Amino acid sequence: MRAFIVIATSAIMVFAMATWVLAQETQTPATVDAAAGLPEWEKIYAVFSHPRCANCHVEDDHPRWSGAHYGKTRFHAFNVQRGIDGSGLGNPGLRCMTCHFETNSAVLHGPPGAENWHLAPAEMVWFGKSSGEICAQIKDPARNGGRTLAEVAEHVRSDKLVGWGWSPGPGREPAPGSAEETYQAIEKWAAAGAPCP
Amino acid sequence: MSKCTKRKLRGRLWTTTKGIPMHLIVDGKPIDIEADPEMPLLWALRDLAGKTGPKFGCGIAACGACTVHMDGTPVRSCILPLREVQGEITTIEGISTDGKLHPVQQAWLEEQVAQCGYCQAGQIMSAVALLDEIDNPSDEDIDNAMGGNLCRCGTYPRIRAAIKKAAALKTAGI
Ligand code: FES
Ligand code: FES
C-alpha cells in the first residue's frame with residue numbers, strides 16, 4: 001500500500017511538472033480564440049519581419065543591410081559580425097559600438113544609433129523565417145530570452161534598441177505602427193491564446 | 001560670409017560660432033573647449049585641441065581614418081557627437097610612452113606599411129584595440145577587426161604582417 005502511495009504521488013508530481021513545463025514552453029492559455037488572436041499576430045509579424053527588426057535577428061553571424069538605397073538585402077559591409085564570443089557586440093577591434101552610438105547620425109548613410117547597439121542572440125531568429133516559425137519562436141522561453149509573453153510585450157514597449165525600429169533615422173523606412181501599438185497587439189494576441197498561423 | 005564658405009557650411013549639422021564649455025581628457029591630458037554639442041569629436045580634436053593625427057576621410061563611419069579610442073574602445077570620431085563623449089579619448093598621438101613607440105607603431109615602421117599614409121592613423125588605432133584583446137591574432141581575427149579600415153593604397157598585406165610582428169614585439173615585451 002505504502003509503495004502504491006509513493007508511486008501514485010510521484011506520478012502526480014511528474015504529471016504536474018510536465019504540465020507546468022508544457023505551459024512554460026508554449027505559454028498558451030487553455031482556450032485559443034484564433035479569430036481574435038490571428039489578426040493581432042499579423043500586426044506583430046509585420047513588425048518582427050520588417051527589415052528594421054529582422055536585419056539584426058539573424059541566424060548566422062552577419063547583420064543585414066537593406067532598403068531603397070541598397071538594392072537587394074545584403075550583408076553589413078566592413079565584415080561586421082556577431083563576435084567570436086557570441087556576444088552580439090561585434091569582434092575585438094570592430095565592435096558594433098565603434099560606429100553605432102546612442103543616437104542616429106543625422107547624415108544620410110551615417111550609422112544609426114540607440115543604446116547598447118548589438119545583434120539579437122542567434123536563437124531569436126526572424127530574418128528569412130515564416131510567420132509560423134517566428135510565432136513559435138516568440139512563445140518559446142528557450143528562444144525568447146526566458147520571457148513570458150507579458151515580458152515580451154513589455155520588452156517591445158520599453159527597450160531603447162527595440163524602439164529604434166520606429167525611429168531609424170534618415171533614409172530608412174520605420175517598422176509599421178509604434179512600440180505602444182505593438183505592445184497592445186501582443187497583449188491582445190496573448191489574451192486570445194497566442195494562436196499561430 | 002563668402003559664397004564659398006556658405007557652400008561649405010550648408011548641410012553641416014553643427015555650428016562653429018556658438019558653443020558651450022566642455023572638458024575632455026585627450027591623450028591623458030585635460031582639455032577645455034567651447035563647442036556645439038553636435039560637433040563631431042574629430043572636429044574638436046583637430047580644430048580645437050590641435051590633435052591632427054586622426055584624419056577625415058568620409059565623415060560617415062565608412063573608412064576608419066578618424067578612429068580613436070574612447071576608454072579603450074575604438075570609435076569613429078567623425079560621427080561621434082561631443083554630447084555623447086563619455087570617457088578618456090586616446091588618439092594616435094597618445095599611444096607611445098616616454099618617447100618609445102607603441103609596439104604597433106614600431107612594427108608599422110619595420111614593415112614599412114604606409115604608402116600615402118592617410119589611412120594609417122586609423123589602421124594603427126584599430127590594430128592597437130585588436131591586440132589589447134587578442135594577444136596573438138589569426139588572419140581571421142585580423143580580417144574581423146580591420147574590415148572597417150579602408151586603404152586606397154592597398155597596403156593590406158603589409159598591415160597584416162605588421163599586426164603579426166606587433167603581436168610578437170608585445171609578447172617579447174619590446
Ligand atoms: S572619416 Fe570617420 S570613418 Fe571615415
Ligand atoms: S596608405 Fe594610402 S590610403 Fe592607406
# chains A, B, ... in the order shown; residues from 1 in each chain; ligands from 1
call {"tool": "residues_around", "arguments": {"residues": "Trp43 (chain B)", "least_positions_apart": "3", "cutoff": "10 Å", "atoms": "only C-alpha atoms", "output": "PyMOL selection string"}}
result
chain B and resi 16+35+39-40+46-52+54-56+77-79+81-82
call {"tool": "write_last_selection", "arguments": {"atoms": "all heavy atoms", "output": "compact mmCIF listing (two decimals), in the first residue's frame"}}
result
# COMPACT_ATOMS: atom_id res chain seq x y z
N THR B 16 30.09 76.48 -35.72
CA THR B 16 31.41 76.72 -35.13
C THR B 16 31.44 78.07 -34.42
O THR B 16 32.45 78.47 -33.90
CB THR B 16 32.49 76.71 -36.23
OG1 THR B 16 32.08 77.58 -37.28
CG2 THR B 16 32.72 75.33 -36.78
N ALA B 35 32.32 74.34 -27.52
CA ALA B 35 31.89 73.79 -28.80
C ALA B 35 30.41 73.45 -28.76
O ALA B 35 29.82 73.23 -27.70
CB ALA B 35 32.69 72.54 -29.13
N MET B 39 28.83 68.95 -32.54
CA MET B 39 30.08 68.86 -33.30
C MET B 39 30.68 67.47 -33.13
O MET B 39 30.80 66.97 -32.02
CB MET B 39 31.07 69.91 -32.80
CG MET B 39 32.43 69.83 -33.47
SD MET B 39 33.63 70.96 -32.75
CE MET B 39 33.22 72.47 -33.58
N PRO B 40 31.07 66.81 -34.23
CA PRO B 40 31.71 65.51 -34.07
C PRO B 40 33.07 65.65 -33.37
O PRO B 40 33.77 66.66 -33.54
CB PRO B 40 31.90 65.02 -35.51
CG PRO B 40 30.93 65.81 -36.32
CD PRO B 40 30.83 67.14 -35.64
N ARG B 46 40.77 67.98 -33.94
CA ARG B 46 41.67 68.59 -34.93
C ARG B 46 41.69 70.11 -34.84
O ARG B 46 42.75 70.72 -34.81
CB ARG B 46 41.25 68.16 -36.34
CG ARG B 46 41.53 66.68 -36.65
CD ARG B 46 41.14 66.36 -38.10
NE ARG B 46 41.86 67.19 -39.02
CZ ARG B 46 43.08 66.92 -39.51
NH1 ARG B 46 43.69 65.81 -39.18
NH2 ARG B 46 43.67 67.76 -40.35
N ASP B 47 40.48 70.73 -34.76
CA ASP B 47 40.43 72.18 -34.88
C ASP B 47 40.56 72.89 -33.53
O ASP B 47 41.04 74.01 -33.46
CB ASP B 47 39.11 72.63 -35.54
CG ASP B 47 39.03 72.18 -37.00
OD1 ASP B 47 40.03 71.64 -37.50
OD2 ASP B 47 37.96 72.35 -37.62
N LEU B 48 40.09 72.24 -32.46
CA LEU B 48 40.09 72.93 -31.17
C LEU B 48 41.19 72.42 -30.24
O LEU B 48 41.70 73.17 -29.42
CB LEU B 48 38.73 72.79 -30.48
CG LEU B 48 37.52 73.24 -31.30
CD1 LEU B 48 36.22 73.04 -30.54
CD2 LEU B 48 37.67 74.72 -31.71
N ALA B 49 41.54 71.15 -30.36
CA ALA B 49 42.55 70.60 -29.45
C ALA B 49 43.92 70.44 -30.13
O ALA B 49 44.88 70.04 -29.48
CB ALA B 49 42.07 69.25 -28.89
N GLY B 50 43.97 70.70 -31.41
CA GLY B 50 45.27 70.63 -32.10
C GLY B 50 45.78 69.22 -32.33
O GLY B 50 46.96 69.01 -32.62
N LYS B 51 44.89 68.25 -32.23
CA LYS B 51 45.29 66.85 -32.45
C LYS B 51 44.97 66.48 -33.90
O LYS B 51 43.85 66.05 -34.21
CB LYS B 51 44.52 65.92 -31.49
CG LYS B 51 44.80 66.17 -30.03
CD LYS B 51 46.05 65.44 -29.61
CE LYS B 51 46.35 65.65 -28.14
NZ LYS B 51 47.61 65.04 -27.73
N THR B 52 45.94 66.63 -34.75
CA THR B 52 45.68 66.40 -36.17
C THR B 52 46.06 64.99 -36.62
O THR B 52 46.01 64.69 -37.82
CB THR B 52 46.43 67.44 -37.03
OG1 THR B 52 47.80 67.45 -36.62
CG2 THR B 52 45.85 68.83 -36.85
N PRO B 54 44.37 62.04 -36.02
CA PRO B 54 43.19 61.41 -36.64
C PRO B 54 42.79 62.17 -37.89
O PRO B 54 42.80 63.40 -37.89
CB PRO B 54 42.11 61.52 -35.56
CG PRO B 54 42.78 61.99 -34.32
CD PRO B 54 44.07 62.64 -34.70
N LYS B 55 42.42 61.46 -38.93
CA LYS B 55 42.16 62.09 -40.22
C LYS B 55 40.68 62.03 -40.60
O LYS B 55 39.97 61.11 -40.20
CB LYS B 55 42.98 61.39 -41.32
CG LYS B 55 44.49 61.46 -41.11
CD LYS B 55 45.02 62.86 -41.33
CE LYS B 55 46.53 62.95 -41.26
NZ LYS B 55 47.04 63.07 -39.88
N PHE B 56 40.27 62.99 -41.45
CA PHE B 56 38.92 62.95 -42.02
C PHE B 56 38.97 62.26 -43.38
O PHE B 56 39.73 62.68 -44.26
CB PHE B 56 38.37 64.37 -42.20
CG PHE B 56 37.02 64.38 -42.88
CD1 PHE B 56 35.86 64.21 -42.15
CD2 PHE B 56 36.92 64.53 -44.25
CE1 PHE B 56 34.62 64.21 -42.78
CE2 PHE B 56 35.68 64.52 -44.89
CZ PHE B 56 34.53 64.35 -44.15
N SER B 77 35.55 58.87 -34.82
CA SER B 77 35.33 60.20 -34.23
C SER B 77 34.63 61.15 -35.18
O SER B 77 34.10 62.17 -34.74
CB SER B 77 36.66 60.80 -33.77
OG SER B 77 37.53 60.99 -34.87
N CYS B 78 34.56 60.83 -36.47
CA CYS B 78 33.90 61.74 -37.42
C CYS B 78 32.40 61.77 -37.22
O CYS B 78 31.72 62.64 -37.76
CB CYS B 78 34.21 61.31 -38.86
SG CYS B 78 33.45 59.74 -39.31
N ILE B 79 31.87 60.81 -36.50
CA ILE B 79 30.41 60.68 -36.42
C ILE B 79 29.94 60.70 -34.95
O ILE B 79 28.75 60.67 -34.68
CB ILE B 79 29.97 59.37 -37.15
CG1 ILE B 79 28.56 59.46 -37.67
CG2 ILE B 79 30.19 58.14 -36.32
CD1 ILE B 79 28.46 60.26 -38.93
N PRO B 81 29.09 62.61 -31.83
CA PRO B 81 28.89 63.99 -31.37
C PRO B 81 29.48 64.19 -29.97
O PRO B 81 29.48 63.27 -29.15
CB PRO B 81 27.37 64.14 -31.35
CG PRO B 81 26.80 62.77 -31.40
CD PRO B 81 27.85 61.84 -31.90
N LEU B 82 29.96 65.40 -29.73
CA LEU B 82 30.60 65.67 -28.44
C LEU B 82 29.68 65.35 -27.27
O LEU B 82 30.13 64.90 -26.22
CB LEU B 82 31.02 67.14 -28.38
CG LEU B 82 32.27 67.50 -29.20
CD1 LEU B 82 32.46 69.01 -29.23
CD2 LEU B 82 33.52 66.81 -28.65
call {"tool": "residues_around", "arguments": {"residues": "Lys43 (chain A)", "least_positions_apart": "3", "cutoff": "9 Å", "atoms": "only C-alpha atoms", "output": "list in words"}}
result
Leu38, Pro39, Glu40, Ala46, Val47, Phe48, Pro176, Gly177, Glu181, Thr182, Ala185 and Ile186 of chain A
call {"tool": "select_by_dssp", "arguments": {"residues": "region 19-193 of chain A", "states": "strand (DSSP E or B)", "output": "ChimeraX atom specification"}}
result
/A:64-67,71-75,90-91,94-95
call {"tool": "write_last_selection", "arguments": {"atoms": "N, CA, C and O atoms", "output": "CSV table (one decimal), in the first residue's frame"}}
result
chain,number,residue,atom,x,y,z
A,64,ARG,N,22.3,42.4,-41.5
A,64,ARG,CA,22.0,42.7,-42.9
A,64,ARG,C,21.7,44.2,-43.1
A,64,ARG,O,21.3,44.9,-42.1
A,65,TRP,N,21.9,44.6,-44.3
A,65,TRP,CA,21.6,46.0,-44.8
A,65,TRP,C,20.5,45.8,-45.8
A,65,TRP,O,20.6,44.9,-46.7
A,66,SER,N,19.5,46.7,-45.8
A,66,SER,CA,18.5,46.7,-46.8
A,66,SER,C,17.8,48.0,-46.9
A,66,SER,O,17.9,48.8,-45.9
A,67,GLY,N,17.1,48.2,-48.0
A,67,GLY,CA,16.4,49.5,-48.1
A,67,GLY,C,16.5,50.1,-49.5
A,67,GLY,O,17.3,49.5,-50.3
A,71,GLY,N,19.5,48.3,-53.0
A,71,GLY,CA,19.2,47.3,-53.9
A,71,GLY,C,18.7,46.1,-53.1
A,71,GLY,O,17.9,46.2,-52.2
A,72,LYS,N,19.3,44.9,-53.4
A,72,LYS,CA,18.8,43.8,-52.6
A,72,LYS,C,19.4,43.7,-51.2
A,72,LYS,O,20.5,44.3,-51.0
A,73,THR,N,18.8,43.0,-50.3
A,73,THR,CA,19.3,42.9,-49.0
A,73,THR,C,20.7,42.2,-49.0
A,73,THR,O,21.0,41.3,-49.8
A,74,ARG,N,21.6,42.8,-48.2
A,74,ARG,CA,23.0,42.3,-48.3
A,74,ARG,C,23.6,42.3,-46.9
A,74,ARG,O,23.1,42.8,-45.9
A,75,PHE,N,24.8,41.6,-46.8
A,75,PHE,CA,25.5,41.6,-45.5
A,75,PHE,C,25.9,43.0,-45.2
A,75,PHE,O,26.3,43.8,-46.1
A,90,GLY,N,29.9,42.4,-31.6
A,90,GLY,CA,31.0,42.6,-32.6
A,90,GLY,C,32.3,41.9,-32.2
A,90,GLY,O,32.4,41.2,-31.1
A,91,ASN,N,33.3,42.1,-33.0
A,91,ASN,CA,34.6,41.5,-32.7
A,91,ASN,C,35.6,42.5,-32.1
A,91,ASN,O,35.5,43.7,-32.3
A,94,LEU,N,36.6,45.8,-33.7
A,94,LEU,CA,35.5,46.4,-34.5
A,94,LEU,C,34.2,46.0,-33.8
A,94,LEU,O,33.5,45.1,-34.3
A,95,ARG,N,33.9,46.7,-32.8
A,95,ARG,CA,32.6,46.4,-32.0
A,95,ARG,C,31.5,47.2,-32.7
A,95,ARG,O,31.7,48.2,-33.5
call {"tool": "select_by_dssp", "arguments": {"residues": "region 1-172 of chain B", "states": "alpha helix (DSSP H)", "output": "MDAnalysis selection string"}}
result
chainID B and resid 3:9 41:43 103:110 120:133 139:146 156:171
call {"tool": "residues_near_ligand", "arguments": {"ligand": "ligand 1", "cutoff": "10 Å", "atoms": "only C-alpha atoms and all ligand atoms", "output": "NGL selection string"}}
result
(:A and (98-99 or 110)) or (:B and (40 or 42 or 54-68 or 75-80 or 119 or 122 or 148-150))
call {"tool": "atom_distance", "arguments": {"atom1": "CA of Val113 (chain B)", "atom2": "CA of Arg158 (chain B)"}}
result
5.3 Å
call {"tool": "residues_near_ligand", "arguments": {"ligand": "ligand 2", "cutoff": "9 Å", "atoms": "only C-alpha atoms and all ligand atoms", "output": "ChimeraX atom specification"}}
result
/B:65,113-120,123,149-156
call {"tool": "residues_around", "arguments": {"residues": "region 129-143 of chain A", "least_positions_apart": "6", "cutoff": "10 Å", "atoms": "only C-alpha atoms", "output": "PyMOL selection string"}}
result
chain A and resi 24-28+41-42+44-46+48-49+54+58-59+121-123+149+152+190+194-197
call {"tool": "residues_around", "arguments": {"residues": "Trp164 (chain A)", "least_positions_apart": "6", "cutoff": "9 Å", "atoms": "only C-alpha atoms", "output": "list in words"}}
result
Arg52, Asn104, Pro112, Gly113, Ala114 and Pro174 of chain A
call {"tool": "atom_distance", "arguments": {"atom1": "CA of Glu110 (chain B)", "atom2": "CA of Asp139 (chain B)"}}
result
19.4 Å
call {"tool": "decode", "arguments": {"residues": "region 121-157 of chain A", "atoms": "N, CA, C and O atoms", "output": "PDB file, in the first residue's frame"}}
result
ATOM      1  N   PRO A 121      20.428  37.571 -29.921  1.00  0.00           N
ATOM      2  CA  PRO A 121      21.009  36.224 -29.865  1.00  0.00           C
ATOM      3  C   PRO A 121      20.543  35.368 -31.045  1.00  0.00           C
ATOM      4  O   PRO A 121      19.415  35.535 -31.532  1.00  0.00           O
ATOM      5  N   ALA A 122      21.421  34.461 -31.474  1.00  0.00           N
ATOM      6  CA  ALA A 122      21.162  33.702 -32.709  1.00  0.00           C
ATOM      7  C   ALA A 122      19.887  32.851 -32.625  1.00  0.00           C
ATOM      8  O   ALA A 122      19.266  32.561 -33.649  1.00  0.00           O
ATOM      9  N   GLU A 123      19.489  32.472 -31.402  1.00  0.00           N
ATOM     10  CA  GLU A 123      18.278  31.636 -31.308  1.00  0.00           C
ATOM     11  C   GLU A 123      16.999  32.464 -31.521  1.00  0.00           C
ATOM     12  O   GLU A 123      15.929  31.919 -31.748  1.00  0.00           O
ATOM     13  N   MET A 124      17.116  33.781 -31.441  1.00  0.00           N
ATOM     14  CA  MET A 124      15.934  34.634 -31.669  1.00  0.00           C
ATOM     15  C   MET A 124      15.888  35.051 -33.132  1.00  0.00           C
ATOM     16  O   MET A 124      15.916  36.236 -33.464  1.00  0.00           O
ATOM     17  N   VAL A 125      15.820  34.072 -33.997  1.00  0.00           N
ATOM     18  CA  VAL A 125      15.979  34.373 -35.424  1.00  0.00           C
ATOM     19  C   VAL A 125      14.642  34.716 -36.080  1.00  0.00           C
ATOM     20  O   VAL A 125      13.658  33.982 -35.921  1.00  0.00           O
ATOM     21  N   TRP A 126      14.618  35.833 -36.765  1.00  0.00           N
ATOM     22  CA  TRP A 126      13.446  36.277 -37.513  1.00  0.00           C
ATOM     23  C   TRP A 126      13.766  36.415 -38.995  1.00  0.00           C
ATOM     24  O   TRP A 126      12.883  36.230 -39.832  1.00  0.00           O
ATOM     25  N   PHE A 127      15.021  36.772 -39.312  1.00  0.00           N
ATOM     26  CA  PHE A 127      15.366  37.040 -40.706  1.00  0.00           C
ATOM     27  C   PHE A 127      15.154  35.780 -41.543  1.00  0.00           C
ATOM     28  O   PHE A 127      15.704  34.711 -41.222  1.00  0.00           O
ATOM     29  N   GLY A 128      14.349  35.876 -42.594  1.00  0.00           N
ATOM     30  CA  GLY A 128      14.129  34.750 -43.505  1.00  0.00           C
ATOM     31  C   GLY A 128      13.196  33.689 -42.962  1.00  0.00           C
ATOM     32  O   GLY A 128      13.056  32.623 -43.565  1.00  0.00           O
ATOM     33  N   LYS A 129      12.560  33.940 -41.819  1.00  0.00           N
ATOM     34  CA  LYS A 129      11.665  32.935 -41.235  1.00  0.00           C
ATOM     35  C   LYS A 129      10.207  33.266 -41.562  1.00  0.00           C
ATOM     36  O   LYS A 129       9.830  34.438 -41.722  1.00  0.00           O
ATOM     37  N   SER A 130       9.392  32.195 -41.600  1.00  0.00           N
ATOM     38  CA  SER A 130       7.973  32.375 -41.916  1.00  0.00           C
ATOM     39  C   SER A 130       7.240  32.915 -40.692  1.00  0.00           C
ATOM     40  O   SER A 130       7.762  32.891 -39.561  1.00  0.00           O
ATOM     41  N   SER A 131       6.017  33.349 -40.932  1.00  0.00           N
ATOM     42  CA  SER A 131       5.177  33.845 -39.839  1.00  0.00           C
ATOM     43  C   SER A 131       5.017  32.774 -38.750  1.00  0.00           C
ATOM     44  O   SER A 131       5.151  33.059 -37.561  1.00  0.00           O
ATOM     45  N   GLY A 132       4.748  31.534 -39.170  1.00  0.00           N
ATOM     46  CA  GLY A 132       4.558  30.444 -38.200  1.00  0.00           C
ATOM     47  C   GLY A 132       5.823  30.176 -37.400  1.00  0.00           C
ATOM     48  O   GLY A 132       5.771  29.910 -36.184  1.00  0.00           O
ATOM     49  N   GLU A 133       6.957  30.242 -38.067  1.00  0.00           N
ATOM     50  CA  GLU A 133       8.231  29.980 -37.369  1.00  0.00           C
ATOM     51  C   GLU A 133       8.537  31.074 -36.343  1.00  0.00           C
ATOM     52  O   GLU A 133       8.964  30.783 -35.231  1.00  0.00           O
ATOM     53  N   ILE A 134       8.297  32.324 -36.720  1.00  0.00           N
ATOM     54  CA  ILE A 134       8.560  33.417 -35.766  1.00  0.00           C
ATOM     55  C   ILE A 134       7.592  33.316 -34.595  1.00  0.00           C
ATOM     56  O   ILE A 134       7.956  33.516 -33.436  1.00  0.00           O
ATOM     57  N   CYS A 135       6.353  32.948 -34.897  1.00  0.00           N
ATOM     58  CA  CYS A 135       5.330  32.826 -33.855  1.00  0.00           C
ATOM     59  C   CYS A 135       5.734  31.759 -32.829  1.00  0.00           C
ATOM     60  O   CYS A 135       5.674  31.988 -31.615  1.00  0.00           O
ATOM     61  N   ALA A 136       6.190  30.608 -33.336  1.00  0.00           N
ATOM     62  CA  ALA A 136       6.614  29.532 -32.418  1.00  0.00           C
ATOM     63  C   ALA A 136       7.832  29.979 -31.607  1.00  0.00           C
ATOM     64  O   ALA A 136       7.923  29.708 -30.401  1.00  0.00           O
ATOM     65  N   GLN A 137       8.728  30.689 -32.244  1.00  0.00           N
ATOM     66  CA  GLN A 137       9.945  31.142 -31.551  1.00  0.00           C
ATOM     67  C   GLN A 137       9.602  32.099 -30.414  1.00  0.00           C
ATOM     68  O   GLN A 137      10.130  31.977 -29.303  1.00  0.00           O
ATOM     69  N   ILE A 138       8.713  33.027 -30.688  1.00  0.00           N
ATOM     70  CA  ILE A 138       8.461  34.085 -29.705  1.00  0.00           C
ATOM     71  C   ILE A 138       7.737  33.523 -28.471  1.00  0.00           C
ATOM     72  O   ILE A 138       7.789  34.092 -27.385  1.00  0.00           O
ATOM     73  N   LYS A 139       7.080  32.369 -28.628  1.00  0.00           N
ATOM     74  CA  LYS A 139       6.378  31.764 -27.484  1.00  0.00           C
ATOM     75  C   LYS A 139       7.269  30.805 -26.688  1.00  0.00           C
ATOM     76  O   LYS A 139       6.861  30.300 -25.656  1.00  0.00           O
ATOM     77  N   ASP A 140       8.468  30.549 -27.201  1.00  0.00           N
ATOM     78  CA  ASP A 140       9.333  29.537 -26.599  1.00  0.00           C
ATOM     79  C   ASP A 140      10.379  30.211 -25.702  1.00  0.00           C
ATOM     80  O   ASP A 140      11.292  30.865 -26.201  1.00  0.00           O
ATOM     81  N   PRO A 141      10.249  30.059 -24.378  1.00  0.00           N
ATOM     82  CA  PRO A 141      11.207  30.746 -23.481  1.00  0.00           C
ATOM     83  C   PRO A 141      12.663  30.378 -23.767  1.00  0.00           C
ATOM     84  O   PRO A 141      13.557  31.186 -23.510  1.00  0.00           O
ATOM     85  N   ALA A 142      12.877  29.185 -24.331  1.00  0.00           N
ATOM     86  CA  ALA A 142      14.262  28.809 -24.655  1.00  0.00           C
ATOM     87  C   ALA A 142      14.802  29.651 -25.804  1.00  0.00           C
ATOM     88  O   ALA A 142      16.004  29.727 -26.008  1.00  0.00           O
ATOM     89  N   ARG A 143      13.888  30.285 -26.536  1.00  0.00           N
ATOM     90  CA  ARG A 143      14.329  31.072 -27.700  1.00  0.00           C
ATOM     91  C   ARG A 143      13.825  32.520 -27.670  1.00  0.00           C
ATOM     92  O   ARG A 143      13.886  33.216 -28.672  1.00  0.00           O
ATOM     93  N   ASN A 144      13.291  32.941 -26.502  1.00  0.00           N
ATOM     94  CA  ASN A 144      12.854  34.349 -26.420  1.00  0.00           C
ATOM     95  C   ASN A 144      13.480  35.076 -25.233  1.00  0.00           C
ATOM     96  O   ASN A 144      12.968  36.095 -24.775  1.00  0.00           O
ATOM     97  N   GLY A 145      14.596  34.512 -24.748  1.00  0.00           N
ATOM     98  CA  GLY A 145      15.280  35.158 -23.629  1.00  0.00           C
ATOM     99  C   GLY A 145      14.633  34.842 -22.294  1.00  0.00           C
ATOM    100  O   GLY A 145      14.780  35.599 -21.335  1.00  0.00           O
ATOM    101  N   GLY A 146      13.907  33.699 -22.240  1.00  0.00           N
ATOM    102  CA  GLY A 146      13.307  33.262 -20.978  1.00  0.00           C
ATOM    103  C   GLY A 146      12.139  34.140 -20.540  1.00  0.00           C
ATOM    104  O   GLY A 146      11.877  34.289 -19.346  1.00  0.00           O
ATOM    105  N   ARG A 147      11.440  34.717 -21.492  1.00  0.00           N
ATOM    106  CA  ARG A 147      10.385  35.681 -21.151  1.00  0.00           C
ATOM    107  C   ARG A 147       8.993  35.061 -21.237  1.00  0.00           C
ATOM    108  O   ARG A 147       8.732  34.212 -22.091  1.00  0.00           O
ATOM    109  N   THR A 148       8.095  35.532 -20.387  1.00  0.00           N
ATOM    110  CA  THR A 148       6.673  35.268 -20.588  1.00  0.00           C
ATOM    111  C   THR A 148       6.208  36.201 -21.704  1.00  0.00           C
ATOM    112  O   THR A 148       6.918  37.156 -22.060  1.00  0.00           O
ATOM    113  N   LEU A 149       5.007  35.971 -22.218  1.00  0.00           N
ATOM    114  CA  LEU A 149       4.526  36.859 -23.289  1.00  0.00           C
ATOM    115  C   LEU A 149       4.325  38.284 -22.769  1.00  0.00           C
ATOM    116  O   LEU A 149       4.541  39.255 -23.498  1.00  0.00           O
ATOM    117  N   ALA A 150       3.917  38.389 -21.485  1.00  0.00           N
ATOM    118  CA  ALA A 150       3.782  39.739 -20.904  1.00  0.00           C
ATOM    119  C   ALA A 150       5.141  40.433 -20.887  1.00  0.00           C
ATOM    120  O   ALA A 150       5.241  41.640 -21.151  1.00  0.00           O
ATOM    121  N   GLU A 151       6.170  39.658 -20.598  1.00  0.00           N
ATOM    122  CA  GLU A 151       7.522  40.252 -20.581  1.00  0.00           C
ATOM    123  C   GLU A 151       8.004  40.594 -21.995  1.00  0.00           C
ATOM    124  O   GLU A 151       8.707  41.585 -22.191  1.00  0.00           O
ATOM    125  N   VAL A 152       7.630  39.755 -22.966  1.00  0.00           N
ATOM    126  CA  VAL A 152       7.965  40.078 -24.359  1.00  0.00           C
ATOM    127  C   VAL A 152       7.324  41.414 -24.729  1.00  0.00           C
ATOM    128  O   VAL A 152       7.968  42.310 -25.296  1.00  0.00           O
ATOM    129  N   ALA A 153       6.022  41.554 -24.377  1.00  0.00           N
ATOM    130  CA  ALA A 153       5.301  42.788 -24.711  1.00  0.00           C
ATOM    131  C   ALA A 153       5.972  44.000 -24.066  1.00  0.00           C
ATOM    132  O   ALA A 153       6.178  45.030 -24.708  1.00  0.00           O
ATOM    133  N   GLU A 154       6.334  43.855 -22.801  1.00  0.00           N
ATOM    134  CA  GLU A 154       6.961  44.973 -22.085  1.00  0.00           C
ATOM    135  C   GLU A 154       8.325  45.316 -22.693  1.00  0.00           C
ATOM    136  O   GLU A 154       8.687  46.488 -22.825  1.00  0.00           O
ATOM    137  N   HIS A 155       9.067  44.267 -23.069  1.00  0.00           N
ATOM    138  CA  HIS A 155      10.377  44.471 -23.704  1.00  0.00           C
ATOM    139  C   HIS A 155      10.216  45.292 -24.993  1.00  0.00           C
ATOM    140  O   HIS A 155      10.967  46.235 -25.241  1.00  0.00           O
ATOM    141  N   VAL A 156       9.207  44.923 -25.769  1.00  0.00           N
ATOM    142  CA  VAL A 156       8.959  45.632 -27.035  1.00  0.00           C
ATOM    143  C   VAL A 156       8.590  47.092 -26.758  1.00  0.00           C
ATOM    144  O   VAL A 156       9.008  48.005 -27.468  1.00  0.00           O
ATOM    145  N   ARG A 157       7.833  47.310 -25.689  1.00  0.00           N
ATOM    146  CA  ARG A 157       7.373  48.667 -25.400  1.00  0.00           C
ATOM    147  C   ARG A 157       8.484  49.554 -24.839  1.00  0.00           C
ATOM    148  O   ARG A 157       8.529  50.745 -25.123  1.00  0.00           O
TER     149      ARG A 157
END
